[in-house]
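Enquirer: Starting off with a structure, shown below.
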Amino acid sequence: MTTAISRTVKVAAQEVEANTKRGGDLRVTLSPKTVGCTSGFGGVLTLEPGDWITEHYHPYSEEFLHIIEGTLEMSLDGQTMTLAAGDSLLVPIGVRHRLVNTGDVTARGAFHLSPLAPRPELGHVDTEQAQRPDQANPDVGGAP
């Protein structure tokens, strides 16, 4: 028996608006807003050499990060580690983290956060000022 897929399940990154509020180029491709998923959201990130994502934490979600290209430095609650292409990292719930491209090439990665926060505005807490505070948070959708 085959099941027909009755909703969008594929999203091209270039079709999603970039979010640069905290630095880099983050594109949420799979989310309640884009595909109607209910267990989390994810997408892709691009960081140019020297660029960074400002420190923050997620009070409800684990973050899964996979590095596709480049060299990055991740700070987790003040402890720093180097990440390179092929590395994967789990950021546990509630752990402050900051990501910096320490290499000389563009870095690319994929991320996923799960479970969803009870409301989108509760999913992300900044611990330093965002690089572009006038921009909105990524709109992942979900329960109002």
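Each chain in the structure tokens gets a letter, A, B and so on, in the order shown; residues start at 1 in every chain, and ligands are counted from 1 in the order they appear.
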Name the residues in contact with Thr102 of chain A at a cut-off of 7 Å, using only C-alpha atoms, excluding same-chain residues fewer than 6 positions from it; report them as a list in words.
Expert: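 In the requested format, the answer is Pro49, Gly50, Thr71, Leu72 and Glu73 of chain A.
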Enquirer: What lies within 9 Å of segment 114-119 of chain A using only C-alpha atoms, ignoring chain neighbours under 5 positions off, as an MDAnalysis selection string?
Expert: chainID A and resid 38:42 58:64 124 141:144
Enquirer: How about saving the chosen residues, C-alpha atoms kept, as an mmCIF file, in the first residue's frame?
Expert:
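For reference, part.cif as written:
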```
data_model
loop_
_atom_site.group_PDB
_atom_site.id
_atom_site.type_symbol
_atom_site.label_atom_id
_atom_site.label_comp_id
_atom_site.auth_asym_id
_atom_site.auth_seq_id
_atom_site.Cartn_x
_atom_site.Cartn_y
_atom_site.Cartn_z
ATOM 1 C CA THR A 38 5.208 19.337 14.396
ATOM 2 C CA SER A 39 8.348 18.015 16.103
ATOM 3 C CA GLY A 40 10.981 20.663 15.347
ATOM 4 C CA PHE A 41 12.515 22.843 12.647
ATOM 5 C CA GLY A 42 15.736 22.996 10.701
ATOM 6 C CA HIS A 58 17.199 27.378 23.595
ATOM 7 C CA PRO A 59 15.192 26.681 26.783
ATOM 8 C CA TYR A 60 13.061 23.939 25.202
ATOM 9 C CA SER A 61 15.061 22.493 22.298
ATOM 10 C CA GLU A 62 18.203 20.550 21.578
ATOM 11 C CA GLU A 63 20.118 21.833 18.566
ATOM 12 C CA PHE A 64 21.751 19.420 16.138
ATOM 13 C CA HIS A 124 15.298 31.423 21.668
ATOM 14 C CA GLY A 141 5.478 29.001 12.680
ATOM 15 C CA GLY A 142 3.872 26.757 15.237
ATOM 16 C CA ALA A 143 1.289 27.303 17.934
ATOM 17 C CA PRO A 144 0.414 30.984 18.561
#
```
Enquirer: Just the residues within 12 Å of Lys10 of chain A, please, counting only C-alpha atoms, with nothing from its chain fewer than 5 positions along; format it as a list in words.
Expert: Ile5, Glu15, Val16, Thr29, Leu30, Ser31, Thr34, Val35, Gly36, Cys37 and Gly43 of chain A
Enquirer: Take the selection from the previous step and output its residues with all heavy atoms, as a PDB file, in the first residue's frame.
Expert:
```pdb
ATOM      1  N   ILE A   5       1.398  11.717  -0.468  1.00  0.00           N
ATOM      2  CA  ILE A   5       1.833  12.858   0.323  1.00  0.00           C
ATOM      3  C   ILE A   5       0.912  14.024  -0.025  1.00  0.00           C
ATOM      4  O   ILE A   5       0.777  14.399  -1.183  1.00  0.00           O
ATOM      5  CB  ILE A   5       3.297  13.201   0.025  1.00  0.00           C
ATOM      6  CG1 ILE A   5       4.191  12.026   0.438  1.00  0.00           C
ATOM      7  CG2 ILE A   5       3.721  14.476   0.749  1.00  0.00           C
ATOM      8  CD1 ILE A   5       5.634  12.187   0.044  1.00  0.00           C
ATOM      9  N   GLU A  15      14.800  29.477  -1.877  1.00  0.00           N
ATOM     10  CA  GLU A  15      13.432  29.995  -1.886  1.00  0.00           C
ATOM     11  C   GLU A  15      13.014  30.574  -0.538  1.00  0.00           C
ATOM     12  O   GLU A  15      11.950  31.173  -0.415  1.00  0.00           O
ATOM     13  CB  GLU A  15      12.458  28.885  -2.282  1.00  0.00           C
ATOM     14  CG  GLU A  15      12.649  28.386  -3.697  1.00  0.00           C
ATOM     15  CD  GLU A  15      11.766  27.188  -4.020  1.00  0.00           C
ATOM     16  OE1 GLU A  15      10.987  26.738  -3.146  1.00  0.00           O
ATOM     17  OE2 GLU A  15      11.877  26.690  -5.149  1.00  0.00           O
ATOM     18  N   VAL A  16      13.858  30.405   0.485  1.00  0.00           N
ATOM     19  CA  VAL A  16      13.536  30.855   1.836  1.00  0.00           C
ATOM     20  C   VAL A  16      14.298  32.150   2.122  1.00  0.00           C
ATOM     21  O   VAL A  16      15.480  32.266   1.802  1.00  0.00           O
ATOM     22  CB  VAL A  16      13.939  29.768   2.860  1.00  0.00           C
ATOM     23  CG1 VAL A  16      13.708  30.246   4.277  1.00  0.00           C
ATOM     24  CG2 VAL A  16      13.178  28.479   2.593  1.00  0.00           C
ATOM     25  N   THR A  29      14.339  26.026   6.514  1.00  0.00           N
ATOM     26  CA  THR A  29      13.704  25.400   5.359  1.00  0.00           C
ATOM     27  C   THR A  29      12.561  24.466   5.738  1.00  0.00           C
ATOM     28  O   THR A  29      11.542  24.437   5.061  1.00  0.00           O
ATOM     29  CB  THR A  29      14.753  24.615   4.537  1.00  0.00           C
ATOM     30  OG1 THR A  29      15.431  23.708   5.412  1.00  0.00           O
ATOM     31  CG2 THR A  29      15.751  25.559   3.883  1.00  0.00           C
ATOM     32  N   LEU A  30      12.738  23.720   6.808  1.00  0.00           N
ATOM     33  CA  LEU A  30      11.710  22.771   7.245  1.00  0.00           C
ATOM     34  C   LEU A  30      11.199  23.210   8.608  1.00  0.00           C
ATOM     35  O   LEU A  30      11.946  23.228   9.586  1.00  0.00           O
ATOM     36  CB  LEU A  30      12.284  21.354   7.322  1.00  0.00           C
ATOM     37  CG  LEU A  30      12.889  20.820   6.018  1.00  0.00           C
ATOM     38  CD1 LEU A  30      13.545  19.457   6.250  1.00  0.00           C
ATOM     39  CD2 LEU A  30      11.833  20.730   4.930  1.00  0.00           C
ATOM     40  N   SER A  31       9.915  23.584   8.658  1.00  0.00           N
ATOM     41  CA  SER A  31       9.343  24.105   9.895  1.00  0.00           C
ATOM     42  C   SER A  31       7.825  23.944   9.852  1.00  0.00           C
ATOM     43  O   SER A  31       7.264  23.613   8.811  1.00  0.00           O
ATOM     44  CB  SER A  31       9.687  25.582  10.041  1.00  0.00           C
ATOM     45  OG  SER A  31       8.990  26.354   9.086  1.00  0.00           O
ATOM     46  N   THR A  34       6.704  26.173   6.954  1.00  0.00           N
ATOM     47  CA  THR A  34       7.014  25.808   5.568  1.00  0.00           C
ATOM     48  C   THR A  34       6.434  24.470   5.138  1.00  0.00           C
ATOM     49  O   THR A  34       6.038  24.328   3.987  1.00  0.00           O
ATOM     50  CB  THR A  34       8.535  25.787   5.323  1.00  0.00           C
ATOM     51  OG1 THR A  34       9.142  24.835   6.207  1.00  0.00           O
ATOM     52  CG2 THR A  34       9.146  27.168   5.519  1.00  0.00           C
ATOM     53  N   VAL A  35       6.420  23.487   6.041  1.00  0.00           N
ATOM     54  CA  VAL A  35       5.956  22.147   5.639  1.00  0.00           C
ATOM     55  C   VAL A  35       4.938  21.535   6.598  1.00  0.00           C
ATOM     56  O   VAL A  35       4.515  20.394   6.407  1.00  0.00           O
ATOM     57  CB  VAL A  35       7.141  21.163   5.437  1.00  0.00           C
ATOM     58  CG1 VAL A  35       8.036  21.614   4.305  1.00  0.00           C
ATOM     59  CG2 VAL A  35       7.929  20.967   6.720  1.00  0.00           C
ATOM     60  N   GLY A  36       4.576  22.264   7.641  1.00  0.00           N
ATOM     61  CA  GLY A  36       3.578  21.748   8.562  1.00  0.00           C
ATOM     62  C   GLY A  36       4.084  20.704   9.533  1.00  0.00           C
ATOM     63  O   GLY A  36       3.286  19.994  10.154  1.00  0.00           O
ATOM     64  N   CYS A  37       5.399  20.604   9.734  1.00  0.00           N
ATOM     65  CA  CYS A  37       5.919  19.617  10.674  1.00  0.00           C
ATOM     66  C   CYS A  37       5.573  20.023  12.110  1.00  0.00           C
ATOM     67  O   CYS A  37       5.247  21.180  12.373  1.00  0.00           O
ATOM     68  CB  CYS A  37       7.422  19.425  10.494  1.00  0.00           C
ATOM     69  SG  CYS A  37       8.397  20.925  10.698  1.00  0.00           S
ATOM     70  N   GLY A  43      17.248  23.812   9.055  1.00  0.00           N
ATOM     71  CA  GLY A  43      17.608  24.517   7.846  1.00  0.00           C
ATOM     72  C   GLY A  43      19.102  24.507   7.621  1.00  0.00           C
ATOM     73  O   GLY A  43      19.803  23.617   8.078  1.00  0.00           O
TER      74      GLY A  43
END
```
Enquirer: Pick the closest to Leu113 of chain A from A:Gln135, A:Tyr57, A:Leu76, A:Leu83: which is it, counting only C-alpha atoms?
Expert: A:Tyr57
Enquirer: Pick out the closest residue to Thr106 of chain A from this set: A:Gly86, A:Gly70, A:Gly94, A:Gly123. Count only C-alpha atoms.
Expert: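 Checking each of A:Gly86, A:Gly70, A:Gly94, A:Gly123 against Thr106 of chain A, counting only C-alpha atoms, the winner is A:Gly70.
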Enquirer: Could you pull out the residues in chain A that DSSP calls helix (DSSP H, G or I) from the backbone, as a list of chain:residue names?
Expert: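 Across chain A, those assigned helix (DSSP H, G or I) are A:Ala13, A:Gln14, A:Glu15, A:Pro32, A:Lys33, A:Thr34, A:Val35, A:Pro120, A:Glu121, A:Leu122.
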Enquirer: Using DSSP on the backbone, list every residue of segment 14-75 of chain A that comes out as strand (DSSP E), and give them as a PyMOL selection string.
Expert: chain A and resi 25-30+41-47+52-57+62-69+71-75
Enquirer: Please determine, counting only C-alpha atoms, which residue among A:Ser6, A:Ile67, A:Leu99, A:Gln14 has the shortest atom-to-atom distance to Asp87 of chain A.
Expert: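 Answer, going by the shortest atom-to-atom distance: A:Ile67.
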